[in-house]
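Scroll down for the structure; my scribbles are underneath it.
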Amino acid sequence: MKKPGFNPYLPSWEYIPDGEPYVFGDRVYVYGSHDFFNGYVFCMGDYVCWSAPVNDLTDWRYEGVIYPRNADPMNADGEMCLYAPDVTVGPDGRYYLYYVLDHLDIVSVAVCDEPAGRYQFYGYVHHADGTYLGRAQGDEPQFDPGVITEGDVTWLYTGFCPHGGKDRHGAMVTKLAADMLTVLEGPQFVVPGVEYAQGTMYEQHPFFEAPSIRKVGEKYYFVYSSVVMHELCYAVSDRPDGGFVFGGVVVSNCDLFPGRPQLPMALGGNNHGSIIEIAGQWYVFYHRQTNNTWFSRQGCAEPIAILPDGSIPQVEITSCGLNGGPLPAKGEYPAYIACHLYDAKRDRISNAPGAAYITQEGRDGDEIPGYIANLHDTVVVGFKYFDFEDVERITLKLRGYGTGGRIHVRLSPDGENLATMELHNTNLWAEYSAPVGIPNGKQALYLAYEGGGSAMLGFICFA
């Protein structure tokens, strides 16, 4: 049987944010930056790649390092980090990797003969006179490249526009020649940043970073992170070099929906990703924050719908992600697949003092499953969704100083208590079990902590 798939879709000890998914042949490949567990800045690792067969999105394979951070001639000492990349197939059939180093304002390019082979440095994007894009008079700094190639032309989208950055006007597009490096036209602005969005359709969702481009039929979909950071938005045009009309929000990594009176359901943060069609189904790839920091982000994905009018309704974040439906409520699941995690303070951004958070033991790269730390009074842990069938008992594996605390089992955050478990102090993982009556069918599952003490949650078991 195919194993269940869940979020994050990669192993819990892998931290690949900024995911750009592509289907090449019969596999889907995800390119992203590479955070470390307990990292102290973004993107500390080499570029690595993961792939899965298009007919089984639970079977992810590590393809290894595809580009080390010191491969760029300007970073031979490895002191700079590799920020979010993108990949496109050039007119010559080779695979081109576009990226920006964290302290530079120009775009670097590497090339490979296969999707997940070892990429070799190729050059820097430049104007016809040889001046690097980003350093000619009138250029704005380059950041977060997104690329699409059509025929002999590649369109390069870049930009970073924070609050107060009057010198940053918005997301840019630059037309490149068949050599993948030389500027033919541009750059020109396609979506305004926060300092220039007032009075436009982007006023509530101005461009911040993370430009990504996809073609759906004859339409170009520009996916980006807005200045509120936790949401991925999209805009649509009939052409790649402008005319983009704001569409809406695709996903929020703290599950906030514009226009709804709702509080954050998870610790959010910056977001970056894109949309992709795999075996006839469209998905959005995005990332979440873990370890209660900004710097240990993990890739997640959700199925989406592109409606006949071209719109994409915002999707909720879930635990089941690429599974193709709810997870069967049978056997054991790791707690780190929780999609909702918050307390009474309802913090929106990671690095919140005293928050419960997803973490792991060991050092970066140690293959040790993650868990939820610092459960305390008012913490709610949510999983969406399970397919329940005659489940009679639920068992939780916890450890910590839990005396004085209890966990209630519910189907909604404030719903009826279907079971309650009194905790005790233990520095070993201990099982707490209770009978439970859960209606058959697709249900969310919530665990609410009440009382004193604090605990860690490792696994949930159904029987």
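Convention: chains lettered A, B, ... in structure tokens order; per-chain residue numbering from 1; ligands numbered from 1 as shown.
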Test item: residues at most 7 Å from stretch 79-89 of chain A, only C-alpha atoms, excluding those fewer than 4 positions along its chain, as a list in words: Asp18, Glu20, Tyr31, Gly32, Ser33, Cys43, Met44, Arg69, Asn75, Gly93, Arg94, Tyr95, Tyr96, Leu97, Tyr98, Tyr99, Val100, Leu101, Asp102, His103, Asp144, Pro145, Gly146, Val147, Ile148 and Thr149 of chain A
Contacts of A:Ser350 within 10 Å, only C-alpha atoms, excl. fewer than 2 positions in-chain, as a list in words: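 Near neighbours after the sequence-gap exclusion: Ala266, Leu267, Gly268, Gly269, Asn270, Arg288, Gln289, Thr290, Asn291, Asn292, Thr293, Trp294, Phe295, Asp347, Arg348, Ala352, Pro353, Ala355 and Tyr357 of chain A.
Residue nearest A:Cys300, chosen from A:Ser252, A:Gln281, A:Asn425, A:Asn70 and counting only C-alpha atoms: A:Ser252.
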I want to know what sits within 7 Å of A:Phe121, based on only C-alpha atoms, with residues of the same chain fewer than 2 positions away left out; could you give that as a PDB file with N, CA and C atoms, in the first residue's frame?
```
ATOM      1  N   ALA A  71      30.422  27.465  -5.076  1.00  0.00           N
ATOM      2  CA  ALA A  71      30.653  27.250  -6.507  1.00  0.00           C
ATOM      3  C   ALA A  71      30.645  28.555  -7.289  1.00  0.00           C
ATOM      4  N   ASP A  72      30.033  29.593  -6.735  1.00  0.00           N
ATOM      5  CA  ASP A  72      30.015  30.892  -7.398  1.00  0.00           C
ATOM      6  C   ASP A  72      31.366  31.576  -7.204  1.00  0.00           C
ATOM      7  N   VAL A 109      23.878  32.516 -12.467  1.00  0.00           N
ATOM      8  CA  VAL A 109      23.258  31.410 -13.199  1.00  0.00           C
ATOM      9  C   VAL A 109      24.215  30.223 -13.212  1.00  0.00           C
ATOM     10  N   ALA A 110      23.675  29.030 -12.980  1.00  0.00           N
ATOM     11  CA  ALA A 110      24.411  27.781 -13.112  1.00  0.00           C
ATOM     12  C   ALA A 110      23.653  26.895 -14.084  1.00  0.00           C
ATOM     13  N   VAL A 111      24.308  25.863 -14.618  1.00  0.00           N
ATOM     14  CA  VAL A 111      23.693  25.046 -15.665  1.00  0.00           C
ATOM     15  C   VAL A 111      24.036  23.576 -15.459  1.00  0.00           C
ATOM     16  N   TYR A 119      25.150  21.072 -10.852  1.00  0.00           N
ATOM     17  CA  TYR A 119      25.148  22.286 -11.657  1.00  0.00           C
ATOM     18  C   TYR A 119      26.523  22.951 -11.598  1.00  0.00           C
ATOM     19  N   GLY A 123      27.439  31.994 -15.315  1.00  0.00           N
ATOM     20  CA  GLY A 123      27.685  33.410 -15.534  1.00  0.00           C
ATOM     21  C   GLY A 123      26.730  34.279 -14.752  1.00  0.00           C
TER      22      GLY A 123
END
```
Test item: residues at most 9 Å from A:Pro303, only C-alpha atoms, excluding those fewer than 3 positions along its chain, as a list in words: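 The residues that qualify are Gln281, Trp282, Tyr283, Val284, Phe285, Val315, Gly321, Leu322 and Gly324 of chain A.
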Create the file for the chosen residues now, containing N, CA and C atoms and written as a PDB file, in the first residue's frame.
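Output file again03.pdb is given in full below:
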```
ATOM      1  N   GLN A 281      -3.817  17.504 -11.434  1.00  0.00           N
ATOM      2  CA  GLN A 281      -4.244  18.244 -10.243  1.00  0.00           C
ATOM      3  C   GLN A 281      -3.275  19.395  -9.998  1.00  0.00           C
ATOM      4  N   TRP A 282      -3.821  20.571  -9.709  1.00  0.00           N
ATOM      5  CA  TRP A 282      -2.989  21.723  -9.367  1.00  0.00           C
ATOM      6  C   TRP A 282      -2.720  21.763  -7.875  1.00  0.00           C
ATOM      7  N   TYR A 283      -1.514  22.221  -7.523  1.00  0.00           N
ATOM      8  CA  TYR A 283      -1.094  22.343  -6.128  1.00  0.00           C
ATOM      9  C   TYR A 283      -0.408  23.687  -5.913  1.00  0.00           C
ATOM     10  N   VAL A 284      -0.422  24.141  -4.669  1.00  0.00           N
ATOM     11  CA  VAL A 284       0.427  25.258  -4.262  1.00  0.00           C
ATOM     12  C   VAL A 284       1.461  24.727  -3.281  1.00  0.00           C
ATOM     13  N   PHE A 285       2.719  25.052  -3.534  1.00  0.00           N
ATOM     14  CA  PHE A 285       3.814  24.720  -2.628  1.00  0.00           C
ATOM     15  C   PHE A 285       4.168  25.995  -1.856  1.00  0.00           C
ATOM     16  N   VAL A 315      -6.896  28.379  -0.194  1.00  0.00           N
ATOM     17  CA  VAL A 315      -7.029  27.080   0.456  1.00  0.00           C
ATOM     18  C   VAL A 315      -6.562  27.171   1.902  1.00  0.00           C
ATOM     19  N   GLY A 321      -2.055  17.556   3.114  1.00  0.00           N
ATOM     20  CA  GLY A 321      -1.277  18.032   1.980  1.00  0.00           C
ATOM     21  C   GLY A 321      -1.423  17.249   0.709  1.00  0.00           C
ATOM     22  N   LEU A 322      -0.349  16.547   0.333  1.00  0.00           N
ATOM     23  CA  LEU A 322      -0.285  15.826  -0.934  1.00  0.00           C
ATOM     24  C   LEU A 322      -0.899  14.426  -0.871  1.00  0.00           C
ATOM     25  N   GLY A 324      -3.911  13.433  -1.136  1.00  0.00           N
ATOM     26  CA  GLY A 324      -5.039  13.187  -2.026  1.00  0.00           C
ATOM     27  C   GLY A 324      -6.351  13.034  -1.287  1.00  0.00           C
TER      28      GLY A 324
END
```
Atom-to-atom span, atom CA of A:Ser319 and atom CA of A:Gly299, Å: 12.1 Å
Interatomic distance (Å, one decimal) between atom CA of A:Asp46 and atom CA of A:Val107: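 Interatomic distance, atom CA of A:Asp46 to atom CA of A:Val107: 17.0 Å.
If only C-alpha atoms are the atoms counted, then among A:Glu195, A:Glu361, A:Glu185, A:Asp343 the closest residue to A:Val227 is A:Glu195.
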Residue with smallest distance to A:Ala235 - pool A:Pro11, A:Pro162, A:Gly310, A:Gly273, counting only C-alpha atoms: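 Looking at the shortest contact to A:Ala235, the residue is A:Gly310.
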Pick from A:Glu389, A:Asp377, A:Glu63, A:Asp255 nearest to A:Cys339, counting only C-alpha atoms: A:Asp255
Polymer residues at most 10 Å from A:Gly248, only C-alpha atoms, same-chain spacing of 5 or more positions, as a PyMOL selection string: chain A and resi 202+205+223+231-236+258+311-314
Based on the selection just made, write C-alpha atoms of those residues as a CSV table (one decimal), in the first residue's frame.
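Okay, this is what ended up in again.csv:
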```
chain,number,residue,atom,x,y,z
A,202,TYR,CA,-2.6,45.8,-5.0
A,205,HIS,CA,-1.5,43.0,-1.0
A,223,VAL,CA,2.8,34.3,-7.7
A,231,GLU,CA,0.4,34.9,2.3
A,232,LEU,CA,1.2,33.9,-1.2
A,233,CYS,CA,-0.8,36.0,-3.7
A,234,TYR,CA,-1.3,35.8,-7.5
A,235,ALA,CA,-1.9,38.1,-10.4
A,236,VAL,CA,-2.8,37.1,-14.0
A,258,PRO,CA,-8.5,38.3,4.1
A,311,SER,CA,-9.5,32.4,-10.3
A,312,ILE,CA,-7.8,30.4,-7.5
A,313,PRO,CA,-9.9,30.3,-4.2
A,314,GLN,CA,-7.7,30.5,-1.1
```
